[in-house]
$ cat run_37.cif   # mmCIF, C-alpha atoms and all ligand atoms
data_work
loop_
_atom_site.group_PDB
_atom_site.id
_atom_site.type_symbol
_atom_site.label_atom_id
_atom_site.label_comp_id
_atom_site.auth_asym_id
_atom_site.auth_seq_id
_atom_site.Cartn_x
_atom_site.Cartn_y
_atom_site.Cartn_z
ATOM 1 C CA MET A 1 -26.084 41.623 69.478
ATOM 2 C CA ASN A 2 -27.163 38.848 67.109
ATOM 3 C CA LYS A 3 -25.281 39.286 63.849
ATOM 4 C CA GLY A 4 -26.974 36.443 61.985
ATOM 5 C CA ILE A 5 -26.753 32.683 61.664
ATOM 6 C CA ALA A 6 -23.959 30.679 60.026
ATOM 7 C CA LEU A 7 -24.215 27.128 58.697
ATOM 8 C CA ILE A 8 -20.839 25.369 58.737
ATOM 9 C CA THR A 9 -20.595 21.906 57.217
ATOM 10 C CA GLY A 10 -18.102 19.726 59.099
ATOM 11 C CA GLY A 11 -18.043 21.757 62.316
ATOM 12 C CA SER A 12 -17.352 18.927 64.734
ATOM 13 C CA ARG A 13 -13.562 19.060 64.481
ATOM 14 C CA GLY A 14 -10.616 20.848 62.931
ATOM 15 C CA LEU A 15 -11.141 24.002 60.926
ATOM 16 C CA GLY A 16 -14.943 23.948 61.090
ATOM 17 C CA LYS A 17 -14.854 23.810 64.893
ATOM 18 C CA ASN A 18 -12.472 26.776 65.003
ATOM 19 C CA MET A 19 -14.727 28.700 62.597
ATOM 20 C CA ALA A 20 -17.754 27.975 64.812
ATOM 21 C CA LEU A 21 -16.034 29.254 67.959
ATOM 22 C CA LYS A 22 -14.599 32.362 66.275
ATOM 23 C CA LEU A 23 -17.941 33.219 64.658
ATOM 24 C CA ALA A 24 -19.714 32.773 68.006
ATOM 25 C CA ASP A 25 -17.148 35.008 69.663
ATOM 26 C CA ALA A 26 -17.962 37.631 67.020
ATOM 27 C CA GLY A 27 -21.691 37.477 67.866
ATOM 28 C CA ILE A 28 -22.896 35.067 65.167
ATOM 29 C CA ASP A 29 -25.173 32.092 65.943
ATOM 30 C CA VAL A 30 -24.018 28.800 64.474
ATOM 31 C CA ILE A 31 -25.371 25.575 63.014
ATOM 32 C CA ILE A 32 -22.720 22.914 62.502
ATOM 33 C CA THR A 33 -22.923 19.582 60.745
ATOM 34 C CA TYR A 34 -21.104 16.347 61.493
ATOM 35 C CA LYS A 35 -20.901 13.016 59.714
ATOM 36 C CA SER A 36 -20.168 10.588 62.551
ATOM 37 C CA ALA A 37 -18.557 12.544 65.403
ATOM 38 C CA GLU A 38 -21.810 13.368 67.222
ATOM 39 C CA THR A 39 -20.150 13.588 70.653
ATOM 40 C CA GLU A 40 -17.539 16.056 69.393
ATOM 41 C CA ALA A 41 -20.270 18.046 67.605
ATOM 42 C CA ASN A 42 -22.321 18.286 70.807
ATOM 43 C CA GLU A 43 -19.200 19.485 72.630
ATOM 44 C CA VAL A 44 -18.792 22.283 70.044
ATOM 45 C CA VAL A 45 -22.466 23.198 70.580
ATOM 46 C CA LYS A 46 -21.799 23.489 74.331
ATOM 47 C CA GLN A 47 -18.735 25.668 73.751
ATOM 48 C CA VAL A 48 -20.655 28.002 71.426
ATOM 49 C CA VAL A 49 -23.513 28.270 73.921
ATOM 50 C CA ALA A 50 -20.953 29.066 76.648
ATOM 51 C CA LEU A 51 -19.898 32.021 74.467
ATOM 52 C CA GLY A 52 -23.464 33.317 74.676
ATOM 53 C CA ARG A 53 -24.678 32.309 71.222
ATOM 54 C CA ARG A 54 -27.271 29.824 70.023
ATOM 55 C CA CYS A 55 -26.005 26.653 68.350
ATOM 56 C CA ALA A 56 -27.240 23.329 66.969
ATOM 57 C CA ALA A 57 -25.659 20.312 65.310
ATOM 58 C CA ILE A 58 -27.250 18.361 62.445
ATOM 59 C CA SER A 59 -25.911 15.159 60.889
ATOM 60 C CA PHE A 60 -24.964 15.323 57.226
ATOM 61 C CA ASP A 61 -23.074 12.872 55.029
ATOM 62 C CA ALA A 62 -21.659 14.718 52.031
ATOM 63 C CA ASN A 63 -20.916 11.379 50.365
ATOM 64 C CA ALA A 64 -24.669 10.641 50.249
ATOM 65 C CA THR A 65 -25.958 13.477 48.107
ATOM 66 C CA GLU A 66 -29.376 11.806 47.883
ATOM 67 C CA THR A 67 -29.846 12.839 51.536
ATOM 68 C CA ILE A 68 -29.500 16.579 50.830
ATOM 69 C CA ASP A 69 -33.255 17.210 50.601
ATOM 70 C CA GLY A 70 -33.742 15.502 53.983
ATOM 71 C CA PHE A 71 -30.924 17.629 55.383
ATOM 72 C CA VAL A 72 -32.627 20.807 54.133
ATOM 73 C CA THR A 73 -35.829 19.777 55.933
ATOM 74 C CA ALA A 74 -33.822 19.169 59.132
ATOM 75 C CA LEU A 75 -32.179 22.567 58.660
ATOM 76 C CA GLN A 76 -35.580 24.279 58.313
ATOM 77 C CA ASN A 77 -36.841 22.562 61.459
ATOM 78 C CA THR A 78 -33.686 23.532 63.382
ATOM 79 C CA LEU A 79 -33.952 27.144 62.243
ATOM 80 C CA HIS A 80 -37.543 27.288 63.534
ATOM 81 C CA GLU A 81 -37.054 25.374 66.764
ATOM 82 C CA VAL A 82 -33.647 26.572 67.974
ATOM 83 C CA PHE A 83 -33.317 30.005 66.383
ATOM 84 C CA GLY A 84 -36.931 31.118 65.813
ATOM 85 C CA ALA A 85 -35.886 31.893 62.230
ATOM 86 C CA ASP A 86 -36.798 30.983 58.660
ATOM 87 C CA HIS A 87 -33.484 31.937 57.111
ATOM 88 C CA PHE A 88 -29.754 31.933 57.777
ATOM 89 C CA ASP A 89 -27.026 34.328 56.630
ATOM 90 C CA TYR A 90 -23.687 32.613 56.014
ATOM 91 C CA LEU A 91 -22.965 29.247 54.384
ATOM 92 C CA ILE A 92 -19.490 27.794 54.881
ATOM 93 C CA ASN A 93 -18.933 24.694 52.745
ATOM 94 C CA ASN A 94 -16.116 23.182 54.791
ATOM 95 C CA ALA A 95 -16.785 19.435 55.269
ATOM 96 C CA GLY A 96 -14.129 17.263 53.715
ATOM 97 C CA MET A 97 -11.760 14.373 54.016
ATOM 98 C CA GLY A 98 -8.240 13.685 52.816
ATOM 99 C CA ALA A 99 -6.275 10.688 51.611
ATOM 100 C CA THR A 100 -2.954 10.260 49.844
ATOM 101 C CA ILE A 101 -3.786 8.311 46.681
ATOM 102 C CA PRO A 102 -1.177 8.195 43.900
ATOM 103 C CA PHE A 103 -2.661 8.960 40.480
ATOM 104 C CA LEU A 104 -1.773 5.481 39.151
ATOM 105 C CA LYS A 105 -3.438 3.725 42.094
ATOM 106 C CA ALA A 106 -6.642 5.766 42.281
ATOM 107 C CA THR A 107 -9.859 3.819 41.720
ATOM 108 C CA GLU A 108 -13.204 4.990 40.354
ATOM 109 C CA SER A 109 -14.601 4.489 43.831
ATOM 110 C CA ASP A 110 -11.964 6.882 45.269
ATOM 111 C CA PHE A 111 -12.795 9.378 42.535
ATOM 112 C CA ASP A 112 -16.544 9.147 43.148
ATOM 113 C CA SER A 113 -16.344 9.600 46.922
ATOM 114 C CA PHE A 114 -14.039 12.634 46.629
ATOM 115 C CA MET A 115 -16.282 14.053 43.917
ATOM 116 C CA ASN A 116 -19.372 13.593 46.083
ATOM 117 C CA VAL A 117 -17.875 15.083 49.245
ATOM 118 C CA HIS A 118 -15.807 17.899 47.783
ATOM 119 C CA LEU A 119 -17.762 18.957 44.700
ATOM 120 C CA LYS A 120 -21.218 17.444 44.156
ATOM 121 C CA SER A 121 -22.394 18.050 47.719
ATOM 122 C CA VAL A 122 -21.077 21.632 47.649
ATOM 123 C CA PHE A 123 -22.960 22.232 44.398
ATOM 124 C CA PHE A 124 -26.301 20.751 45.471
ATOM 125 C CA LEU A 125 -26.242 21.649 49.163
ATOM 126 C CA THR A 126 -25.695 25.272 48.153
ATOM 127 C CA GLN A 127 -28.356 25.113 45.426
ATOM 128 C CA ARG A 128 -30.968 23.591 47.755
ATOM 129 C CA THR A 129 -30.228 25.789 50.793
ATOM 130 C CA LEU A 130 -30.262 29.018 48.759
ATOM 131 C CA PRO A 131 -34.004 29.589 49.338
ATOM 132 C CA LEU A 132 -33.177 29.679 53.068
ATOM 133 C CA LEU A 133 -30.157 31.998 52.723
ATOM 134 C CA ASN A 134 -30.979 35.659 53.263
ATOM 135 C CA ASN A 135 -30.331 38.133 50.461
ATOM 136 C CA GLY A 136 -27.088 39.911 51.322
ATOM 137 C CA GLY A 137 -25.700 36.657 52.723
ATOM 138 C CA ARG A 138 -22.298 35.096 52.243
ATOM 139 C CA ILE A 139 -21.048 31.790 50.880
ATOM 140 C CA ILE A 140 -17.490 30.674 51.600
ATOM 141 C CA ASN A 141 -16.197 27.510 49.965
ATOM 142 C CA ILE A 142 -13.154 25.868 51.527
ATOM 143 C CA SER A 143 -10.585 24.801 48.957
ATOM 144 C CA SER A 144 -6.897 24.034 49.392
ATOM 145 C CA GLY A 145 -3.411 25.304 48.601
ATOM 146 C CA THR A 146 -3.045 22.130 46.502
ATOM 147 C CA THR A 147 -4.970 23.738 43.641
ATOM 148 C CA ARG A 148 -2.012 26.145 43.170
ATOM 149 C CA PHE A 149 0.871 23.735 43.840
ATOM 150 C CA CYS A 150 1.075 19.958 43.569
ATOM 151 C CA ASN A 151 1.342 17.414 46.393
ATOM 152 C CA PRO A 152 1.847 13.902 44.998
ATOM 153 C CA GLY A 153 -1.145 11.777 45.993
ATOM 154 C CA TYR A 154 -3.611 14.661 45.908
ATOM 155 C CA ALA A 155 -4.662 14.435 42.239
ATOM 156 C CA ILE A 156 -8.316 13.580 42.896
ATOM 157 C CA TYR A 157 -8.698 15.798 45.965
ATOM 158 C CA ALA A 158 -7.108 18.858 44.366
ATOM 159 C CA SER A 159 -9.050 18.372 41.116
ATOM 160 C CA MET A 160 -12.315 18.545 43.060
ATOM 161 C CA LYS A 161 -11.138 21.602 45.001
ATOM 162 C CA GLY A 162 -10.100 23.225 41.702
ATOM 163 C CA ALA A 163 -13.612 22.605 40.383
ATOM 164 C CA VAL A 164 -15.057 24.242 43.506
ATOM 165 C CA GLU A 165 -12.900 27.305 42.811
ATOM 166 C CA THR A 166 -14.401 27.576 39.312
ATOM 167 C CA LEU A 167 -17.876 26.911 40.728
ATOM 168 C CA THR A 168 -17.302 29.738 43.218
ATOM 169 C CA ARG A 169 -16.861 32.279 40.432
ATOM 170 C CA TYR A 170 -20.041 31.074 38.718
ATOM 171 C CA MET A 171 -21.969 31.225 41.991
ATOM 172 C CA ALA A 172 -20.690 34.766 42.595
ATOM 173 C CA LYS A 173 -21.761 35.794 39.094
ATOM 174 C CA GLU A 174 -25.238 34.264 39.360
ATOM 175 C CA LEU A 175 -25.998 35.230 42.976
ATOM 176 C CA GLY A 176 -24.841 38.840 42.812
ATOM 177 C CA SER A 177 -28.395 39.865 41.929
ATOM 178 C CA ARG A 178 -29.365 38.715 45.442
ATOM 179 C CA ASP A 179 -26.432 40.631 46.944
ATOM 180 C CA ILE A 180 -24.846 37.345 48.016
ATOM 181 C CA THR A 181 -21.047 37.203 47.788
ATOM 182 C CA VAL A 182 -19.206 33.938 47.187
ATOM 183 C CA ASN A 183 -15.515 33.399 47.868
ATOM 184 C CA VAL A 184 -12.981 30.618 48.318
ATOM 185 C CA LEU A 185 -10.727 30.267 51.327
ATOM 186 C CA ALA A 186 -7.820 27.969 50.477
ATOM 187 C CA PRO A 187 -5.821 26.863 53.547
ATOM 188 C CA GLY A 188 -2.296 25.481 53.319
ATOM 189 C CA ALA A 189 -1.270 22.527 55.488
ATOM 190 C CA ILE A 190 -3.005 22.770 58.870
ATOM 191 C CA GLU A 191 -2.517 20.520 61.898
ATOM 192 C CA THR A 192 -5.922 18.815 62.171
ATOM 193 C CA ASP A 193 -7.246 15.234 61.925
ATOM 194 C CA PHE A 194 -7.336 15.706 58.127
ATOM 195 C CA ASN A 195 -5.866 12.793 56.110
ATOM 196 C CA ASN A 196 -5.163 10.749 59.254
ATOM 197 C CA ALA A 197 -3.553 13.793 60.873
ATOM 198 C CA ALA A 198 -0.868 13.673 58.156
ATOM 199 C CA VAL A 199 0.516 17.092 59.117
ATOM 200 C CA ARG A 200 -0.132 17.111 62.879
ATOM 201 C CA SER A 201 1.410 13.691 63.543
ATOM 202 C CA ASN A 202 4.421 13.942 61.260
ATOM 203 C CA PRO A 203 7.263 16.209 62.507
ATOM 204 C CA GLU A 204 9.307 15.556 59.357
ATOM 205 C CA MET A 205 6.476 16.743 57.145
ATOM 206 C CA GLN A 206 5.942 19.751 59.402
ATOM 207 C CA ALA A 207 9.618 20.699 59.081
ATOM 208 C CA ARG A 208 9.557 20.270 55.304
ATOM 209 C CA ILE A 209 6.447 22.430 54.891
ATOM 210 C CA ALA A 210 7.778 24.996 57.395
ATOM 211 C CA GLY A 211 10.897 25.280 55.229
ATOM 212 C CA LEU A 212 8.733 26.089 52.193
ATOM 213 C CA THR A 213 6.653 28.659 54.088
ATOM 214 C CA ALA A 214 7.510 32.347 54.360
ATOM 215 C CA LEU A 215 6.203 32.471 57.945
ATOM 216 C CA GLY A 216 8.240 29.370 58.833
ATOM 217 C CA ARG A 217 5.661 26.932 60.229
ATOM 218 C CA THR A 218 2.629 24.830 59.381
ATOM 219 C CA GLY A 219 -0.854 26.169 60.112
ATOM 220 C CA LYS A 220 -3.068 25.704 63.184
ATOM 221 C CA PRO A 221 -6.890 25.777 63.176
ATOM 222 C CA ASP A 222 -6.629 29.109 64.989
ATOM 223 C CA ASP A 223 -5.054 30.614 61.852
ATOM 224 C CA ILE A 224 -8.293 30.074 59.914
ATOM 225 C CA GLY A 225 -11.437 30.894 61.939
ATOM 226 C CA GLY A 226 -10.762 34.639 62.121
ATOM 227 C CA ILE A 227 -10.529 34.872 58.330
ATOM 228 C CA ILE A 228 -14.011 33.380 58.116
ATOM 229 C CA VAL A 229 -15.229 36.004 60.608
ATOM 230 C CA PHE A 230 -13.785 38.705 58.349
ATOM 231 C CA LEU A 231 -15.358 37.161 55.236
ATOM 232 C CA CYS A 232 -18.729 37.190 57.034
ATOM 233 C CA SER A 233 -18.319 40.811 58.154
ATOM 234 C CA PRO A 234 -19.761 43.888 56.386
ATOM 235 C CA GLU A 235 -16.173 45.096 55.826
ATOM 236 C CA SER A 236 -15.457 42.251 53.354
ATOM 237 C CA TYR A 237 -18.539 42.924 51.184
ATOM 238 C CA TRP A 238 -16.580 44.105 48.145
ATOM 239 C CA ILE A 239 -14.484 40.896 47.987
ATOM 240 C CA ASN A 240 -16.435 38.666 45.626
ATOM 241 C CA GLY A 241 -15.615 35.665 43.446
ATOM 242 C CA GLN A 242 -12.098 35.500 44.849
ATOM 243 C CA ARG A 243 -9.714 32.773 45.994
ATOM 244 C CA ILE A 244 -7.974 33.775 49.224
ATOM 245 C CA GLU A 245 -5.126 31.492 50.252
ATOM 246 C CA ALA A 246 -4.258 31.183 53.946
ATOM 247 C CA SER A 247 -1.005 29.272 54.058
ATOM 248 C CA GLY A 248 1.534 31.558 55.698
ATOM 249 C CA GLY A 249 2.974 32.015 52.209
ATOM 250 C CA VAL A 250 3.880 28.472 51.148
ATOM 251 C CA ASN A 251 5.676 27.810 47.841
ATOM 252 C CA LEU A 252 5.782 31.505 46.924
HETATM 253 N N1 LIG B 1 -6.118 20.413 57.379
HETATM 254 C C1 LIG B 1 -5.558 20.792 56.255
HETATM 255 O O1 LIG B 1 -4.325 20.709 56.082
HETATM 256 C C2 LIG B 1 -6.396 21.365 55.131
HETATM 257 C C3 LIG B 1 -5.730 22.072 54.126
HETATM 258 C C4 LIG B 1 -6.479 22.616 53.088
HETATM 259 C C5 LIG B 1 -7.835 22.444 53.056
HETATM 260 N N2 LIG B 1 -8.459 21.730 54.038
HETATM 261 C C6 LIG B 1 -9.909 21.578 53.922
HETATM 262 O O2 LIG B 1 -10.496 22.104 55.088
HETATM 263 C C7 LIG B 1 -11.734 21.435 55.337
HETATM 264 C C8 LIG B 1 -11.772 20.960 56.778
HETATM 265 O O3 LIG B 1 -10.694 20.066 56.983
HETATM 266 P P1 LIG B 1 -10.121 19.780 58.454
HETATM 267 O O4 LIG B 1 -8.659 19.909 58.371
HETATM 268 O O5 LIG B 1 -10.858 20.545 59.468
HETATM 269 O O6 LIG B 1 -10.468 18.223 58.572
HETATM 270 P P2 LIG B 1 -10.916 17.357 59.853
HETATM 271 O O7 LIG B 1 -10.306 17.867 61.089
HETATM 272 O O8 LIG B 1 -10.668 15.942 59.436
HETATM 273 O O9 LIG B 1 -12.498 17.627 59.952
HETATM 274 C C9 LIG B 1 -13.322 17.230 58.879
HETATM 275 C C10 LIG B 1 -14.745 17.669 59.143
HETATM 276 O O10 LIG B 1 -15.516 17.306 57.976
HETATM 277 C C11 LIG B 1 -16.524 16.358 58.357
HETATM 278 N N3 LIG B 1 -16.649 15.339 57.309
HETATM 279 C C12 LIG B 1 -15.713 14.455 56.878
HETATM 280 N N4 LIG B 1 -16.219 13.656 55.927
HETATM 281 C C13 LIG B 1 -17.500 14.049 55.755
HETATM 282 C C14 LIG B 1 -18.569 13.600 54.938
HETATM 283 N N5 LIG B 1 -18.447 12.547 54.099
HETATM 284 N N6 LIG B 1 -19.750 14.220 55.026
HETATM 285 C C15 LIG B 1 -19.926 15.260 55.872
HETATM 286 N N7 LIG B 1 -18.985 15.724 56.696
HETATM 287 C C16 LIG B 1 -17.773 15.119 56.633
HETATM 288 C C17 LIG B 1 -16.049 15.744 59.661
HETATM 289 O O11 LIG B 1 -17.180 15.247 60.377
HETATM 290 P P3 LIG B 1 -16.979 14.096 61.520
HETATM 291 O O12 LIG B 1 -16.210 14.771 62.627
HETATM 292 O O13 LIG B 1 -18.349 13.710 61.921
HETATM 293 O O14 LIG B 1 -16.205 13.003 60.888
HETATM 294 C C18 LIG B 1 -15.387 16.946 60.327
HETATM 295 O O15 LIG B 1 -16.333 17.802 60.909
HETATM 296 C C19 LIG B 1 -11.833 20.316 54.299
HETATM 297 O O16 LIG B 1 -12.644 20.739 53.223
HETATM 298 C C20 LIG B 1 -10.408 20.158 53.827
HETATM 299 O O17 LIG B 1 -10.347 19.655 52.517
HETATM 300 C C21 LIG B 1 -7.775 21.199 55.079
#
$ encode --input "run_37.cif" --output "structure tokens"
Amino acid sequence: MNKGIALITGGSRGLGKNMALKLADAGIDVIITYKSAETEANEVVKQVVALGRRCAAISFDANATETIDGFVTALQNTLHEVFGADHFDYLINNAGMGATIPFLKATESDFDSFMNVHLKSVFFLTQRTLPLLNNGGRIINISSGTTRFCNPGYAIYASMKGAVETLTRYMAKELGSRDITVNVLAPGAIETDFNNAAVRSNPEMQARIAGLTALGRTGKPDDIGGIIVFLCSPESYWINGQRIEASGGVNL
């Protein structure tokens, strides 16, 4: 049974890919975006289709917010052509990049690119896609454990994620009249390509984070996708305007 259509930004790799596969497994059709990894994105499309769901990939550069209107047009065309639909149901603002930039060394250019990707694009992509999001739909913004605890070098990144957490509460307040819920999922350290695979490729960092984590390890993409499925399910309807951290209990 078709349970709706999800749009996941940054679905070519890492957490977004896992979300796409878990949502497809739960009966939800998926549109993913990618910035440059078109081959990987097409592979995710194939895997979703193999699960019996419809899927499409659209390019989107969150650092180029002037392209958002063009993206919305591409989204409308994809909805018509691939899904025979005018609207979608779930928006997962996931696309993002990481870098370790000490506060004293950060440049305005660093600040602006993190602001564009992690905050400005979330704000305006959501605003401009809202006419295409069904009433009763869901928005899930991906934040980070680093808004609750501090990792040196993450000042810009975590500031933008913190702003998205505040934005989430405002979205929830203003979109409740359309029966749309808006929540934050904040992962802890997960072994993906993020920040040059800082966690996945560094056993010492993994051991350090594992030692700070109640469940005794770092996260895997597979720890995240199922939470998104839950947040898109009817059972999670009453959770609204909330920050849910998925970190195995780090720095408790
Ligand atoms: N991994 C972690 O430890 C961790 C922890 C907390 C929060 N997060 C957050 O989780 C989200 C996903 O991270 P991840 O670990 O899955 O990272 P990842 O494996 O590096 O994947 C990043 C995804 O975002 C896309 N992307 C990167 N820059 C983009 C841009 N400028 N415009 C549009 N799309 C862009 C990538 O597209 P291409 O493949 O085309 O490059 C890819 O699909 C991010 O918001 C991140 O901040 C991650």
$ closest_residue --input "run_37.cif" --among "A:Ile209, A:Ile156, A:Val49, A:Ala64" --to "ligand LIG 1 (chain B)" --atoms "all atoms listed in the file"
A:Ala64
$ atom_distance --input "run_37.cif" --atom1 "CA of His118 in chain A" --atom2 "CA of Leu75 in chain A"
20.2 Å
$ residues_near_ligand --input "run_37.cif" --ligand "ligand LIG 1 (chain B)" --cutoff "6 Å" --atoms "all atoms listed in the file" --output "PyMOL selection string"
chain A and resi 10-16+34-37+60-63+94-97+117+142-144+187-194
$ atom_distance --input "run_37.cif" --atom1 "CA of Leu252 in chain A" --atom2 "CA of Ile8 in chain A"
29.8 Å
$ resolve_selection --input "run_37.cif" --expression "the PyMOL selection byres (((chain A and resi 183) around 7) and not hetatm)" --output "list in words"
Ile139, Ile140, Asn141, Thr168, Thr181, Val182, Val184, Leu185, Asn240, Gly241, Gln242 and Arg243 of chain A
$ closest_residue --input "run_37.cif" --among "A:Val30, A:Ile228, A:Met19, A:Met115" --to "Cys55 in chain A" --atoms "only C-alpha atoms"
A:Val30
$ atom_distance --input "run_37.cif" --atom1 "CA of Asp89 in chain A" --atom2 "CA of Gly70 in chain A"
20.2 Å
$ closest_residue --input "run_37.cif" --among "A:Ala57, A:Val250, A:Ile32, A:Ala106" --to "Ala155 in chain A" --atoms "all atoms listed in the file"
A:Ala106
$ decode --input "run_37.cif" --residues "range 121-129 of chain A" --atoms "all heavy atoms" --output "short mmCIF file (atom, residue, chain, number, x, y, z; two decimals), in the first residue's frame"
data_model
loop_
_atom_site.label_atom_id
_atom_site.label_comp_id
_atom_site.auth_asym_id
_atom_site.auth_seq_id
_atom_site.Cartn_x
_atom_site.Cartn_y
_atom_site.Cartn_z
N SER A 121 19.00 27.35 3.60
CA SER A 121 18.33 26.46 2.64
C SER A 121 17.19 25.69 3.32
O SER A 121 16.16 25.43 2.69
CB SER A 121 19.31 25.49 2.00
OG SER A 121 19.57 24.41 2.86
N VAL A 122 17.36 25.35 4.60
CA VAL A 122 16.27 24.67 5.31
C VAL A 122 15.07 25.61 5.42
O VAL A 122 13.92 25.22 5.17
CB VAL A 122 16.74 24.22 6.72
CG1 VAL A 122 15.57 23.68 7.54
CG2 VAL A 122 17.85 23.17 6.59
N PHE A 123 15.35 26.86 5.74
CA PHE A 123 14.28 27.86 5.88
C PHE A 123 13.52 28.02 4.56
O PHE A 123 12.29 27.86 4.50
CB PHE A 123 14.90 29.20 6.31
CG PHE A 123 13.91 30.25 6.74
CD1 PHE A 123 13.78 30.60 8.08
CD2 PHE A 123 13.12 30.90 5.81
CE1 PHE A 123 12.87 31.57 8.48
CE2 PHE A 123 12.20 31.87 6.20
CZ PHE A 123 12.07 32.20 7.54
N PHE A 124 14.27 28.31 3.47
CA PHE A 124 13.58 28.68 2.23
C PHE A 124 13.12 27.47 1.42
O PHE A 124 12.10 27.55 0.74
CB PHE A 124 14.44 29.65 1.41
CG PHE A 124 14.48 31.01 2.04
CD1 PHE A 124 15.60 31.45 2.73
CD2 PHE A 124 13.36 31.83 2.01
CE1 PHE A 124 15.62 32.69 3.35
CE2 PHE A 124 13.36 33.08 2.64
CZ PHE A 124 14.50 33.51 3.31
N LEU A 125 13.85 26.37 1.52
CA LEU A 125 13.34 25.16 0.82
C LEU A 125 12.01 24.74 1.44
O LEU A 125 11.05 24.41 0.73
CB LEU A 125 14.35 24.01 0.91
CG LEU A 125 13.89 22.79 0.14
CD1 LEU A 125 14.47 22.80 -1.28
CD2 LEU A 125 14.28 21.51 0.83
N THR A 126 11.93 24.79 2.77
CA THR A 126 10.68 24.42 3.43
C THR A 126 9.57 25.41 3.06
O THR A 126 8.47 25.02 2.67
CB THR A 126 10.88 24.39 4.96
OG1 THR A 126 11.95 23.50 5.25
CG2 THR A 126 9.62 23.92 5.67
N GLN A 127 9.91 26.71 3.15
CA GLN A 127 8.89 27.73 2.82
C GLN A 127 8.34 27.54 1.40
O GLN A 127 7.13 27.58 1.16
CB GLN A 127 9.54 29.12 2.94
CG GLN A 127 8.60 30.27 2.70
CD GLN A 127 9.38 31.55 2.43
OE1 GLN A 127 10.07 31.66 1.41
NE2 GLN A 127 9.30 32.50 3.34
N ARG A 128 9.25 27.28 0.44
CA ARG A 128 8.81 27.25 -0.97
C ARG A 128 8.20 25.90 -1.36
O ARG A 128 7.49 25.82 -2.37
CB ARG A 128 9.99 27.56 -1.89
CG ARG A 128 10.73 28.82 -1.49
CD ARG A 128 10.52 30.01 -2.39
NE ARG A 128 11.04 31.20 -1.73
CZ ARG A 128 12.24 31.73 -1.95
NH1 ARG A 128 13.05 31.18 -2.84
NH2 ARG A 128 12.62 32.80 -1.31
N THR A 129 8.49 24.84 -0.60
CA THR A 129 7.87 23.54 -0.94
C THR A 129 6.55 23.34 -0.19
O THR A 129 5.80 22.41 -0.50
CB THR A 129 8.80 22.34 -0.65
OG1 THR A 129 9.23 22.41 0.71
CG2 THR A 129 10.00 22.31 -1.58
#
